[in-house]
$ cat entry.cif   # mmCIF, C-alpha atoms and all ligand atoms
data_upload
#
loop_
_atom_site.label_atom_id
_atom_site.label_comp_id
_atom_site.auth_asym_id
_atom_site.auth_seq_id
_atom_site.Cartn_x
_atom_site.Cartn_y
_atom_site.Cartn_z
CA MET A 1 -35.01 8.18 25.12
CA PHE A 2 -33.96 7.60 21.53
CA LYS A 3 -31.27 5.03 20.82
CA ARG A 4 -29.07 4.66 17.80
CA VAL A 5 -30.29 2.25 15.15
CA LEU A 6 -29.23 -1.39 15.60
CA GLY A 7 -25.83 -2.09 14.03
CA THR A 8 -24.77 1.56 13.83
CA LYS A 9 -22.18 3.37 15.91
CA ASP A 10 -21.55 6.89 17.14
CA ILE A 11 -17.95 7.89 16.57
CA LEU A 12 -17.26 10.14 19.53
CA PRO A 13 -14.60 12.90 19.80
CA GLN A 14 -12.18 10.66 21.73
CA GLU A 15 -12.29 8.08 18.91
CA ILE A 16 -12.22 10.46 15.99
CA VAL A 17 -8.43 10.93 16.17
CA GLU A 18 -7.82 7.35 15.06
CA TRP A 19 -10.38 7.65 12.27
CA GLN A 20 -8.80 10.85 11.00
CA LYS A 21 -5.37 9.24 11.16
CA ILE A 22 -6.50 6.21 9.12
CA GLU A 23 -8.12 8.52 6.58
CA GLN A 24 -5.03 10.70 6.32
CA LEU A 25 -2.69 7.71 5.92
CA SER A 26 -5.01 6.35 3.22
CA ARG A 27 -5.09 9.62 1.32
CA ASP A 28 -1.29 9.91 1.41
CA THR A 29 -0.83 6.31 0.26
CA PHE A 30 -3.40 6.53 -2.54
CA LYS A 31 -1.73 9.73 -3.70
CA ALA A 32 1.63 7.94 -3.89
CA TYR A 33 0.04 5.40 -6.25
CA ASN A 34 -1.64 8.21 -8.24
CA TYR A 35 -5.24 7.47 -7.21
CA GLN A 36 -7.69 10.36 -6.96
CA GLU A 37 -10.58 10.69 -4.58
CA VAL A 38 -14.16 10.32 -5.77
CA ARG A 39 -17.34 10.79 -3.75
CA THR A 40 -20.57 9.30 -5.00
CA PRO A 41 -24.05 9.54 -3.43
CA ILE A 42 -25.03 7.25 -0.61
CA ILE A 43 -28.29 6.37 -2.36
CA GLU A 44 -28.39 4.75 -5.77
CA ASP A 45 -31.04 3.00 -7.82
CA ALA A 46 -31.49 -0.41 -6.21
CA SER A 47 -31.29 -2.05 -9.64
CA LEU A 48 -27.65 -0.92 -9.98
CA PHE A 49 -26.68 -3.40 -7.28
CA ASN A 50 -28.98 -6.19 -8.51
CA ARG A 51 -27.33 -5.91 -11.88
CA SER A 52 -23.73 -5.68 -10.64
CA LEU A 53 -23.54 -7.94 -7.63
CA GLY A 54 -25.90 -10.56 -9.07
CA SER A 55 -29.45 -11.34 -8.05
CA SER A 56 -28.34 -14.41 -6.08
CA ALA A 57 -25.68 -12.52 -4.08
CA GLU A 58 -26.43 -12.52 -0.35
CA ILE A 59 -26.18 -8.72 -0.24
CA VAL A 60 -28.88 -8.34 -2.88
CA GLN A 61 -31.10 -11.10 -1.55
CA ARG A 62 -31.11 -10.17 2.11
CA GLN A 63 -29.00 -7.20 3.07
CA MET A 64 -29.98 -4.12 1.09
CA PHE A 65 -31.61 -1.19 2.87
CA LEU A 66 -34.28 -0.25 0.37
CA LEU A 67 -36.17 3.03 0.15
CA LYS A 68 -39.30 3.27 -1.87
CA ARG A 69 -40.41 6.67 -3.11
CA GLU A 70 -43.36 6.87 -5.46
CA ARG A 71 -42.40 4.51 -8.26
CA ASP A 72 -38.68 4.50 -7.58
CA LEU A 73 -36.75 2.00 -5.52
CA TYR A 74 -33.47 3.21 -4.07
CA ALA A 75 -30.85 1.42 -1.98
CA LEU A 76 -28.41 2.72 0.59
CA ARG A 77 -25.20 1.63 -1.10
CA PRO A 78 -24.00 -1.73 0.26
CA GLU A 79 -20.59 -1.33 -1.43
CA GLY A 80 -18.68 1.15 -3.58
CA THR A 81 -17.61 -0.64 -6.76
CA ALA A 82 -20.94 -0.59 -8.60
CA ALA A 83 -21.50 3.07 -7.72
CA ILE A 84 -18.00 4.08 -8.86
CA VAL A 85 -18.44 2.26 -12.15
CA ARG A 86 -21.84 3.95 -12.58
CA ALA A 87 -20.17 7.33 -11.98
CA TYR A 88 -17.30 6.45 -14.31
CA ILE A 89 -19.72 5.71 -17.15
CA GLU A 90 -22.18 8.52 -16.44
CA ASN A 91 -19.43 11.15 -16.31
CA ASN A 92 -17.56 9.79 -19.35
CA LEU A 93 -14.37 9.35 -17.36
CA ASP A 94 -13.11 6.91 -19.98
CA LYS A 95 -13.01 9.80 -22.46
CA THR A 96 -11.45 12.35 -20.16
CA SER A 97 -8.84 10.41 -18.29
CA GLY A 98 -8.29 7.07 -20.04
CA MET A 99 -7.21 4.96 -17.13
CA ALA A 100 -9.15 6.14 -14.07
CA LYS A 101 -7.56 5.38 -10.71
CA LEU A 102 -10.08 6.33 -8.07
CA TYR A 103 -10.31 5.94 -4.31
CA TYR A 104 -13.14 6.45 -1.85
CA ILE A 105 -13.74 6.65 1.86
CA GLY A 106 -17.26 6.49 3.25
CA PRO A 107 -20.16 4.65 4.83
CA MET A 108 -21.77 1.51 3.40
CA PHE A 109 -24.96 -0.19 4.57
CA ARG A 110 -25.86 -3.84 4.89
CA ALA A 111 -28.71 -5.28 6.95
CA GLU A 112 -26.63 -8.03 8.54
CA ARG A 113 -26.96 -9.48 12.03
CA PRO A 114 -24.65 -7.22 14.05
CA GLN A 115 -21.72 -8.74 15.93
CA LYS A 116 -18.06 -7.91 16.59
CA GLY A 117 -16.70 -6.33 13.41
CA ARG A 118 -20.04 -6.60 11.64
CA LEU A 119 -22.24 -3.52 11.52
CA ARG A 120 -25.18 -2.34 9.50
CA GLN A 121 -23.50 0.97 8.80
CA PHE A 122 -19.78 0.47 8.36
CA HIS A 123 -17.06 2.30 6.45
CA HIS A 124 -15.02 1.41 3.42
CA ILE A 125 -11.66 2.66 2.30
CA GLY A 126 -11.36 1.39 -1.21
CA CYS A 127 -10.09 1.98 -4.70
CA GLU A 128 -10.96 1.09 -8.26
CA ALA A 129 -8.55 1.14 -11.20
CA ILE A 130 -10.67 1.19 -14.34
CA GLY A 131 -9.37 0.95 -17.89
CA SER A 132 -6.93 -1.92 -18.25
CA VAL A 133 -6.84 -5.71 -18.39
CA ASN A 134 -3.09 -5.73 -17.73
CA SER A 135 -2.01 -8.04 -14.91
CA ASP A 136 0.23 -5.23 -13.59
CA ILE A 137 -2.97 -3.58 -12.35
CA ASP A 138 -3.94 -6.66 -10.32
CA SER A 139 -0.53 -6.76 -8.65
CA GLU A 140 -0.49 -2.98 -8.13
CA VAL A 141 -3.87 -3.14 -6.41
CA ILE A 142 -2.83 -6.05 -4.17
CA SER A 143 0.50 -4.45 -3.29
CA LEU A 144 -1.31 -1.18 -2.55
CA ALA A 145 -3.62 -3.05 -0.16
CA ASN A 146 -0.54 -4.63 1.40
CA ARG A 147 1.08 -1.18 1.74
CA LEU A 148 -2.01 0.16 3.48
CA MET A 149 -1.76 -2.66 6.03
CA GLN A 150 1.79 -1.54 6.77
CA VAL A 151 1.00 2.15 7.08
CA PHE A 152 -2.00 1.35 9.31
CA SER A 153 0.35 -0.63 11.61
CA VAL A 154 -1.55 -3.86 11.06
CA THR A 155 0.64 -6.92 11.51
CA ASP A 156 -0.07 -10.67 11.26
CA TYR A 157 -2.48 -10.25 8.37
CA HIS A 158 -2.74 -12.86 5.68
CA ILE A 159 -3.27 -12.35 1.94
CA LYS A 160 -5.10 -15.05 0.00
CA ILE A 161 -5.38 -14.89 -3.77
CA ASN A 162 -7.09 -16.94 -6.45
CA SER A 163 -8.16 -16.70 -10.05
CA LEU A 164 -11.74 -17.36 -11.11
CA GLY A 165 -10.87 -17.14 -14.80
CA CYS A 166 -12.83 -15.20 -17.41
CA GLN A 167 -16.63 -15.34 -17.72
CA LYS A 168 -16.50 -18.49 -19.89
CA ASP A 169 -14.10 -20.18 -17.42
CA LYS A 170 -16.38 -19.25 -14.55
CA GLU A 171 -19.33 -20.83 -16.35
CA ASP A 172 -17.30 -23.99 -16.97
CA PHE A 173 -16.30 -24.04 -13.30
CA VAL A 174 -19.93 -23.65 -12.20
CA ASP A 175 -20.80 -26.53 -14.51
CA PHE A 176 -17.99 -28.64 -13.02
CA LEU A 177 -19.21 -27.92 -9.49
CA GLN A 178 -22.81 -28.75 -10.31
CA ARG A 179 -21.78 -32.03 -11.90
CA SER A 180 -19.36 -32.98 -9.11
CA LEU A 181 -21.70 -32.11 -6.28
CA LYS A 182 -24.90 -33.53 -7.71
CA SER A 183 -24.48 -36.90 -6.01
CA LYS A 184 -23.57 -35.24 -2.69
CA VAL A 185 -26.42 -32.79 -2.54
CA ASN A 186 -28.03 -34.45 0.48
CA LYS A 187 -24.88 -34.04 2.52
CA LEU A 188 -24.67 -30.29 1.88
CA CYS A 189 -26.13 -27.80 4.35
CA GLU A 190 -29.57 -26.44 3.60
CA GLU A 191 -28.21 -23.20 2.22
CA CYS A 192 -25.69 -24.90 -0.05
CA ARG A 193 -28.41 -27.07 -1.53
CA VAL A 194 -30.01 -23.88 -2.80
CA ARG A 195 -26.59 -22.52 -3.78
CA LEU A 196 -25.88 -25.58 -5.89
CA LYS A 197 -28.60 -24.43 -8.25
CA HIS A 198 -28.23 -20.64 -8.15
CA ASN A 199 -24.74 -19.81 -6.89
CA PRO A 200 -22.55 -22.93 -6.62
CA LEU A 201 -19.31 -20.95 -6.26
CA ARG A 202 -20.38 -19.90 -2.78
CA ILE A 203 -20.39 -23.54 -1.65
CA LEU A 204 -16.60 -23.33 -1.74
CA ASP A 205 -16.43 -20.85 1.13
CA CYS A 206 -19.29 -22.25 3.21
CA LYS A 207 -18.32 -22.50 6.89
CA ASP A 208 -20.39 -25.66 7.59
CA ASP A 209 -18.12 -28.61 8.53
CA ASN A 210 -19.82 -31.12 6.22
CA CYS A 211 -19.71 -28.73 3.27
CA ARG A 212 -16.03 -28.03 3.95
CA GLU A 213 -15.26 -31.74 3.98
CA ILE A 214 -17.09 -32.25 0.68
CA VAL A 215 -15.30 -29.29 -0.88
CA LYS A 216 -11.97 -30.65 0.34
CA GLN A 217 -12.57 -33.84 -1.57
CA LEU A 218 -13.23 -31.99 -4.83
CA GLU A 219 -10.09 -31.59 -6.82
CA ILE A 220 -10.23 -27.90 -7.43
CA GLY A 221 -7.50 -26.65 -9.66
CA ASP A 222 -7.30 -24.42 -12.69
CA SER A 223 -8.43 -27.10 -15.15
CA CYS A 224 -11.51 -25.06 -16.09
CA GLN A 225 -9.37 -22.05 -17.01
CA CYS A 226 -8.24 -21.00 -20.46
CA GLN A 227 -4.57 -20.52 -21.29
CA GLU A 228 -4.85 -16.73 -21.30
CA CYS A 229 -6.31 -16.65 -17.79
CA LYS A 230 -3.66 -19.05 -16.51
CA GLU A 231 -0.93 -16.80 -17.92
CA HIS A 232 -2.58 -13.72 -16.47
CA PHE A 233 -2.58 -15.27 -13.00
CA SER A 234 1.03 -16.41 -13.37
CA LYS A 235 2.09 -12.85 -14.14
CA VAL A 236 0.17 -11.52 -11.14
CA LYS A 237 1.97 -13.98 -8.86
CA ASN A 238 5.37 -13.20 -10.41
CA ASN A 239 4.78 -9.48 -9.92
CA LEU A 240 3.82 -10.01 -6.30
CA ASP A 241 7.00 -12.02 -5.78
CA THR A 242 9.01 -9.18 -7.34
CA LEU A 243 7.29 -6.72 -5.02
CA ASP A 244 7.94 -8.95 -1.97
CA VAL A 245 4.25 -9.26 -1.17
CA SER A 246 3.56 -12.47 0.76
CA TYR A 247 0.45 -14.36 -0.28
CA GLU A 248 -1.09 -17.78 -0.33
CA VAL A 249 -2.96 -19.18 -3.34
CA SER A 250 -6.33 -20.39 -2.11
CA PRO A 251 -8.33 -22.28 -4.78
CA THR A 252 -11.52 -22.07 -2.69
CA LEU A 253 -11.49 -18.27 -2.50
CA VAL A 254 -14.46 -17.21 -4.64
CA ARG A 255 -15.95 -13.98 -3.17
CA GLY A 256 -19.67 -13.40 -2.93
CA LEU A 257 -20.21 -10.90 -5.71
CA ASP A 258 -21.00 -11.81 -9.30
CA TYR A 259 -18.86 -9.19 -11.00
CA TYR A 260 -15.46 -10.74 -10.28
CA THR A 261 -13.41 -12.34 -13.04
CA ARG A 262 -9.82 -13.60 -12.93
CA THR A 263 -7.88 -12.39 -9.86
CA VAL A 264 -9.65 -12.23 -6.50
CA PHE A 265 -8.04 -11.66 -3.12
CA GLU A 266 -8.86 -11.33 0.52
CA ILE A 267 -6.87 -10.06 3.50
CA THR A 268 -7.71 -11.76 6.78
CA HIS A 269 -6.63 -11.36 10.39
CA LYS A 270 -6.89 -14.11 13.00
CA ASP A 271 -7.86 -11.71 15.82
CA LEU A 272 -11.12 -10.87 14.06
CA GLY A 273 -12.79 -14.21 14.85
CA SER A 274 -15.51 -15.42 12.51
CA GLN A 275 -15.64 -12.13 10.58
CA ASP A 276 -11.98 -12.37 9.72
CA ALA A 277 -11.84 -10.38 6.47
CA LEU A 278 -10.15 -7.01 6.82
CA GLY A 279 -10.53 -6.29 3.16
CA ALA A 280 -11.05 -7.87 -0.20
CA GLY A 281 -11.16 -7.20 -3.88
CA GLY A 282 -10.24 -8.35 -7.32
CA ARG A 283 -10.65 -7.90 -11.03
CA TYR A 284 -14.03 -7.30 -12.68
CA ASP A 285 -13.51 -7.09 -16.42
CA ASN A 286 -17.14 -7.26 -17.53
CA LEU A 287 -18.82 -4.85 -15.13
CA VAL A 288 -18.21 -1.58 -17.01
CA LYS A 289 -19.71 -3.05 -20.18
CA GLU A 290 -22.48 -4.77 -18.23
CA LEU A 291 -23.57 -1.38 -16.86
CA GLY A 292 -23.64 0.21 -20.31
CA GLY A 293 -20.09 1.51 -20.62
CA PRO A 294 -17.18 0.63 -22.90
CA ASP A 295 -15.41 -2.73 -22.76
CA MET A 296 -12.87 -1.90 -20.04
CA GLY A 297 -11.03 -4.10 -17.60
CA ALA A 298 -10.89 -3.03 -13.96
CA ALA A 299 -9.74 -4.08 -10.50
CA GLY A 300 -10.05 -2.77 -6.97
CA PHE A 301 -10.54 -3.53 -3.31
CA ALA A 302 -12.12 -2.24 -0.12
CA PHE A 303 -11.14 -2.43 3.53
CA GLY A 304 -13.57 -2.23 6.44
CA VAL A 305 -12.34 0.65 8.63
CA GLU A 306 -13.99 -0.69 11.82
CA ARG A 307 -12.13 -3.98 11.41
CA ILE A 308 -8.80 -2.23 10.81
CA LEU A 309 -9.28 -0.30 14.05
CA LEU A 310 -9.89 -3.60 15.87
CA VAL A 311 -6.54 -5.10 14.86
CA GLN A 312 -4.10 -2.18 14.68
CA SER A 313 -1.01 -3.21 16.60
CA GLN A 314 -0.11 0.39 17.27
CA LYS A 315 -2.53 3.25 17.72
CA PRO A 316 -1.61 6.69 16.42
CA GLU A 317 -0.04 8.99 18.93
CA VAL A 318 -2.59 11.41 20.32
CA LYS A 319 -0.94 14.81 20.62
CA SER A 320 -1.74 16.71 23.79
CA GLN A 321 -4.10 19.64 23.29
CA GLU A 322 -2.48 22.91 22.34
CA LEU A 323 -5.55 24.68 23.69
CA VAL A 324 -5.35 28.18 25.14
CA TYR A 325 -7.98 28.76 27.83
CA VAL A 326 -9.04 32.33 28.52
CA ILE A 327 -10.43 33.16 31.98
CA PRO A 328 -12.10 36.58 32.31
CA LEU A 329 -12.77 37.77 35.85
CA GLY A 330 -15.56 40.35 35.84
CA GLU A 331 -17.78 42.01 33.25
CA GLU A 332 -15.17 44.41 31.86
CA ALA A 333 -12.64 41.60 31.48
CA ARG A 334 -15.22 39.47 29.64
CA LYS A 335 -15.56 42.15 26.94
CA ASN A 336 -11.80 42.27 26.65
CA SER A 337 -11.54 38.49 26.48
CA LEU A 338 -14.02 38.40 23.56
CA ARG A 339 -11.53 40.40 21.50
CA LEU A 340 -8.58 38.34 22.70
CA LEU A 341 -10.30 35.03 21.85
CA ASN A 342 -11.19 36.38 18.46
CA ASP A 343 -7.56 37.39 17.80
CA LEU A 344 -6.28 33.96 18.87
CA ARG A 345 -8.76 32.18 16.61
CA GLN A 346 -7.90 34.39 13.64
CA GLU A 347 -4.35 33.13 14.12
CA ASN A 348 -5.65 29.53 14.13
CA ILE A 349 -4.62 29.05 17.74
CA PRO A 350 -7.14 26.64 19.30
CA SER A 351 -8.71 28.59 22.14
CA ASP A 352 -11.74 28.61 24.36
CA THR A 353 -13.12 30.31 27.43
CA ASP A 354 -15.18 29.54 30.50
CA TYR A 355 -18.63 30.80 29.50
CA GLU A 356 -20.03 30.26 32.99
CA CYS A 357 -17.00 31.60 34.88
CA LYS A 358 -18.01 31.80 38.54
CA SER A 359 -14.62 31.55 40.20
CA LEU A 360 -10.97 31.44 39.21
CA LYS A 361 -10.58 28.08 40.96
CA GLY A 362 -13.48 26.51 39.04
CA ALA A 363 -12.24 27.92 35.73
CA MET A 364 -8.71 26.60 36.36
CA ARG A 365 -10.18 23.16 37.02
CA LYS A 366 -11.98 23.26 33.69
CA ALA A 367 -8.77 24.35 31.91
CA ASN A 368 -7.04 21.40 33.50
CA ASP A 369 -9.81 18.97 32.50
CA LEU A 370 -9.55 20.16 28.91
CA GLY A 371 -5.78 19.62 28.93
CA ALA A 372 -5.13 23.28 28.08
CA LYS A 373 -1.48 24.14 27.51
CA HIS A 374 -1.81 27.81 28.41
CA VAL A 375 -4.26 29.76 30.52
CA LEU A 376 -4.78 33.50 30.06
CA ILE A 377 -6.28 35.30 33.05
CA ILE A 378 -7.74 38.77 32.69
CA GLY A 379 -8.99 40.52 35.84
CA ASP A 380 -9.31 44.15 36.97
CA ASP A 381 -5.63 44.21 37.85
CA GLU A 382 -4.53 43.05 34.43
CA LEU A 383 -6.96 45.46 32.71
CA GLY A 384 -5.52 48.38 34.62
CA LYS A 385 -1.98 47.49 33.54
CA GLY A 386 -2.85 46.51 29.94
CA VAL A 387 -1.49 43.00 30.51
CA VAL A 388 -2.69 39.41 30.64
CA THR A 389 -1.50 36.79 33.13
CA LEU A 390 -0.12 33.85 31.19
CA LYS A 391 0.13 30.52 32.97
CA ASP A 392 2.02 27.63 31.44
CA MET A 393 -0.02 24.59 32.53
CA VAL A 394 2.85 22.17 32.02
CA SER A 395 5.59 23.97 33.97
CA GLY A 396 3.22 25.90 36.25
CA GLU A 397 5.17 29.10 35.46
CA GLN A 398 3.15 32.31 35.50
CA LYS A 399 4.00 35.77 34.14
CA GLU A 400 2.42 39.00 32.97
CA VAL A 401 2.57 39.70 29.25
CA SER A 402 1.40 42.89 27.56
CA GLN A 403 -1.81 42.52 25.55
CA GLU A 404 -0.04 43.35 22.27
CA ASP A 405 2.59 40.66 22.73
CA ILE A 406 0.41 37.82 23.94
CA ILE A 407 -0.10 36.09 20.54
CA LYS A 408 3.62 36.30 19.75
CA GLU A 409 4.43 34.88 23.19
CA ILE A 410 2.00 31.92 22.80
CA LYS A 411 3.25 31.13 19.33
CA CYS A 412 6.87 30.76 20.39
P1 LIG A 501 -16.62 -6.92 0.53
O1 LIG A 501 -15.79 -8.12 0.78
O2 LIG A 501 -18.08 -7.13 0.49
O3 LIG A 501 -16.11 -6.30 -0.83
O4 LIG A 501 -16.31 -5.80 1.62
C1 LIG A 501 -14.97 -5.38 1.83
C2 LIG A 501 -14.69 -5.32 3.33
O5 LIG A 501 -15.67 -4.53 3.99
C3 LIG A 501 -14.73 -6.65 4.06
O6 LIG A 501 -13.55 -7.38 3.89
C4 LIG A 501 -14.93 -6.20 5.50
O7 LIG A 501 -13.69 -5.79 6.07
C5 LIG A 501 -15.79 -4.95 5.34
N1 LIG A 501 -17.19 -5.26 5.63
C6 LIG A 501 -18.09 -5.86 4.84
N2 LIG A 501 -19.28 -5.97 5.45
C7 LIG A 501 -19.14 -5.41 6.67
C8 LIG A 501 -20.01 -5.21 7.80
N3 LIG A 501 -21.27 -5.58 7.76
N4 LIG A 501 -19.50 -4.60 8.90
C9 LIG A 501 -18.22 -4.20 8.94
N5 LIG A 501 -17.35 -4.36 7.91
C10 LIG A 501 -17.79 -4.97 6.80
C11 LIG A 501 -16.68 -5.23 -1.43
O8 LIG A 501 -17.49 -4.52 -0.92
C12 LIG A 501 -16.11 -4.95 -2.82
N6 LIG A 501 -16.80 -3.77 -3.34
C13 LIG A 501 -14.62 -4.74 -2.77
C14 LIG A 501 -14.05 -4.43 -4.11
C15 LIG A 501 -13.69 -3.20 -4.55
N7 LIG A 501 -13.87 -5.26 -5.09
C16 LIG A 501 -13.40 -4.63 -6.14
N8 LIG A 501 -13.28 -3.36 -5.84
#

$ encode --input "entry.cif" --output "structure tokens"
Amino acid sequence: MFKRVLGTKDILPQEIVEWQKIEQLSRDTFKAYNYQEVRTPIIEDASLFNRSLGSSAEIVQRQMFLLKRERDLYALRPEGTAAIVRAYIENNLDKTSGMAKLYYIGPMFRAERPQKGRLRQFHHIGCEAIGSVNSDIDSEVISLANRLMQVFSVTDYHIKINSLGCQKDKEDFVDFLQRSLKSKVNKLCEECRVRLKHNPLRILDCKDDNCREIVKQLEIGDSCQCQECKEHFSKVKNNLDTLDVSYEVSPTLVRGLDYYTRTVFEITHKDLGSQDALGAGGRYDNLVKELGGPDMGAAGFAFGVERILLVQSQKPEVKSQELVYVIPLGEEARKNSLRLLNDLRQENIPSDTDYECKSLKGAMRKANDLGAKHVLIIGDDELGKGVVTLKDMVSGEQKEVSQEDIIKEIKC
């Protein structure tokens, strides 16, 4: 028997209601902030991600699903930002719409070790606002993420923010870390020893106890940041205060992807355990240019849908089925029921029939199992009189209704 691939999930009909609800709430919320949907391919050139996320990023080093075809190397997209920026540049969106505010919903792929809240195929709901370096965009994006938490009925989440500064500030910060940690290299975990050379920022969010202690002793502040970046971050914080968004400034929040500059943020939830990030994002002012586009500032975020579903404090109400179940008794009635079903469906009334109808009792049981609201019975008797027997499955009431009036009767 075939099994689904490790780290993937089947979303079955009984679960799909909550997925559809999350998607609908997202669409409505993005619309309120004037974001438009974009759908990009699931496969991209692998080099797009190497270039954007950075060759030392964990995703690029270890987690990409790669597909080789002749001379080309593709990747199943591990995230959306790089692909959206690629689409923005390739389709000249800077020329057609100036500021592009885009959102996306779809699967992402990372070859991670699966565990609770960590899959190899998971789903992002995210957005990217491309075309401005204004700090109002940073705060809009963070407050939009905060709004989504509210509309998804997620409570007890925590927003952490930080500023990495511009590219030059980041380089100075990397330099500071390398200098400060040089004498402590032997106390760092094996992975951080490698990081110290290639990706020292990631040492700041290492989970190893020793590394955390060493990081704690470093005096991390904004001393490596230029005046402009400090002011930018101040404005972001002021805006968030104005918008009543609660947050904590976390100087060790660095994010694992190379493209971030200035504001970064993460939304965590304690019930998620070790994989506690519900969503994350930030500003990436150099990526559009880096990928061959104009010099445009941008910011965005993405939530992991599977993780949101794990922590929702309230699940959407599942409406009882409005299904109409047609039970034909006999060959003649079956022909008649074909027409009736067709008429119901043309009116968009969800309806079905018992294809294997062997007895009225069995068919009624099936109608009950399906949660049908109405049952329509057509037998020889009903055919003779030109009526249908209509049974209300909630009240148990039963009556004969003429064939012409049946749709009107069900609709009211
Ligand atoms: P990220 O932090 O890599 O950011 O992913 C965003 C969210 O996706 C995470 O916070 C988590 O909820 C979810 N996630 C990540 N990996 C997995 C996994 N293996 N299984 C389940 N859920 C997962 C980004 O991808 C950036 N592109 C976000 C962004 C958009 N930054 C700017 N714009």

$ residues_around --input "entry.cif" --residues "Arg118 (chain A)" --least-positions-apart "3" --cutoff "10 Å" --atoms "all atoms listed in the file" --output "JSON, numbers by chain"
{"A": [7, 8, 110, 111, 112, 113, 114, 115, 121, 122, 274, 275, 304, 306, 307]}

$ atom_distance --input "entry.cif" --atom1 "CA of Glu171 (chain A)" --atom2 "CA of Cys224 (chain A)"
8.9 Å

$ closest_atom_pairs --input "entry.cif" --of "chain A" --to "ligand LIG 501 (chain A)" --cutoff "8 Å" --atoms "all atoms listed in the file" --output "JSON lines"
{"residue": "A:Pro78", "atom": "CA", "partner": "A:LIG501", "partner_atom": "O8", "distance": 7.2}
{"residue": "A:Glu79", "atom": "CA", "partner": "A:LIG501", "partner_atom": "O8", "distance": 4.5}
{"residue": "A:Gly80", "atom": "CA", "partner": "A:LIG501", "partner_atom": "N6", "distance": 5.3}
{"residue": "A:Thr81", "atom": "CA", "partner": "A:LIG501", "partner_atom": "N6", "distance": 4.7}
{"residue": "A:Ala82", "atom": "CA", "partner": "A:LIG501", "partner_atom": "N6", "distance": 7.4}
{"residue": "A:Phe109", "atom": "CA", "partner": "A:LIG501", "partner_atom": "N3", "distance": 7.3}
{"residue": "A:Arg110", "atom": "CA", "partner": "A:LIG501", "partner_atom": "N3", "distance": 5.7}
{"residue": "A:Ala111", "atom": "CA", "partner": "A:LIG501", "partner_atom": "N3", "distance": 7.5}
{"residue": "A:Glu112", "atom": "CA", "partner": "A:LIG501", "partner_atom": "N3", "distance": 5.9}
{"residue": "A:Pro114", "atom": "CA", "partner": "A:LIG501", "partner_atom": "N3", "distance": 7.3}
{"residue": "A:Gly117", "atom": "CA", "partner": "A:LIG501", "partner_atom": "C9", "distance": 5.2}
{"residue": "A:Arg118", "atom": "CA", "partner": "A:LIG501", "partner_atom": "N4", "distance": 3.4}
{"residue": "A:Leu119", "atom": "CA", "partner": "A:LIG501", "partner_atom": "N4", "distance": 3.9}
{"residue": "A:Arg120", "atom": "CA", "partner": "A:LIG501", "partner_atom": "N3", "distance": 5.4}
{"residue": "A:Gln121", "atom": "CA", "partner": "A:LIG501", "partner_atom": "N4", "distance": 6.9}
{"residue": "A:Phe122", "atom": "CA", "partner": "A:LIG501", "partner_atom": "C9", "distance": 5.0}
{"residue": "A:His123", "atom": "CA", "partner": "A:LIG501", "partner_atom": "N5", "distance": 6.8}
{"residue": "A:His124", "atom": "CA", "partner": "A:LIG501", "partner_atom": "O5", "distance": 6.0}
{"residue": "A:Gly126", "atom": "CA", "partner": "A:LIG501", "partner_atom": "C15", "distance": 6.1}
{"residue": "A:Cys127", "atom": "CA", "partner": "A:LIG501", "partner_atom": "C15", "distance": 6.3}
{"residue": "A:Glu128", "atom": "CA", "partner": "A:LIG501", "partner_atom": "N8", "distance": 5.6}
{"residue": "A:Arg255", "atom": "CA", "partner": "A:LIG501", "partner_atom": "O1", "distance": 7.1}
{"residue": "A:Gly256", "atom": "CA", "partner": "A:LIG501", "partner_atom": "O2", "distance": 7.3}
{"residue": "A:Leu257", "atom": "CA", "partner": "A:LIG501", "partner_atom": "O2", "distance": 7.6}
{"residue": "A:Tyr260", "atom": "CA", "partner": "A:LIG501", "partner_atom": "C16", "distance": 7.7}
{"residue": "A:Glu266", "atom": "CA", "partner": "A:LIG501", "partner_atom": "O6", "distance": 7.0}
{"residue": "A:Ile267", "atom": "CA", "partner": "A:LIG501", "partner_atom": "O6", "distance": 7.2}
{"residue": "A:Thr268", "atom": "CA", "partner": "A:LIG501", "partner_atom": "O6", "distance": 7.9}
{"residue": "A:Gln275", "atom": "CA", "partner": "A:LIG501", "partner_atom": "C4", "distance": 7.8}
{"residue": "A:Asp276", "atom": "CA", "partner": "A:LIG501", "partner_atom": "O7", "distance": 7.7}
{"residue": "A:Ala277", "atom": "CA", "partner": "A:LIG501", "partner_atom": "O6", "distance": 4.3}
{"residue": "A:Leu278", "atom": "CA", "partner": "A:LIG501", "partner_atom": "O7", "distance": 3.8}
{"residue": "A:Gly279", "atom": "CA", "partner": "A:LIG501", "partner_atom": "O6", "distance": 3.3}
{"residue": "A:Ala280", "atom": "CA", "partner": "A:LIG501", "partner_atom": "O6", "distance": 4.8}
{"residue": "A:Gly281", "atom": "CA", "partner": "A:LIG501", "partner_atom": "N7", "distance": 3.5}
{"residue": "A:Gly282", "atom": "CA", "partner": "A:LIG501", "partner_atom": "C16", "distance": 5.0}
{"residue": "A:Arg283", "atom": "CA", "partner": "A:LIG501", "partner_atom": "C16", "distance": 6.5}
{"residue": "A:Tyr284", "atom": "CA", "partner": "A:LIG501", "partner_atom": "C16", "distance": 7.1}
{"residue": "A:Ala299", "atom": "CA", "partner": "A:LIG501", "partner_atom": "C16", "distance": 5.7}
{"residue": "A:Gly300", "atom": "CA", "partner": "A:LIG501", "partner_atom": "N8", "distance": 3.5}
{"residue": "A:Phe301", "atom": "CA", "partner": "A:LIG501", "partner_atom": "C15", "distance": 3.4}
{"residue": "A:Ala302", "atom": "CA", "partner": "A:LIG501", "partner_atom": "C13", "distance": 4.4}
{"residue": "A:Phe303", "atom": "CA", "partner": "A:LIG501", "partner_atom": "C2", "distance": 4.6}
{"residue": "A:Gly304", "atom": "CA", "partner": "A:LIG501", "partner_atom": "O7", "distance": 3.6}
{"residue": "A:Val305", "atom": "CA", "partner": "A:LIG501", "partner_atom": "O7", "distance": 7.1}
{"residue": "A:Glu306", "atom": "CA", "partner": "A:LIG501", "partner_atom": "C9", "distance": 6.2}
{"residue": "A:Arg307", "atom": "CA", "partner": "A:LIG501", "partner_atom": "O7", "distance": 5.9}
{"residue": "A:Ile308", "atom": "CA", "partner": "A:LIG501", "partner_atom": "O7", "distance": 7.7}
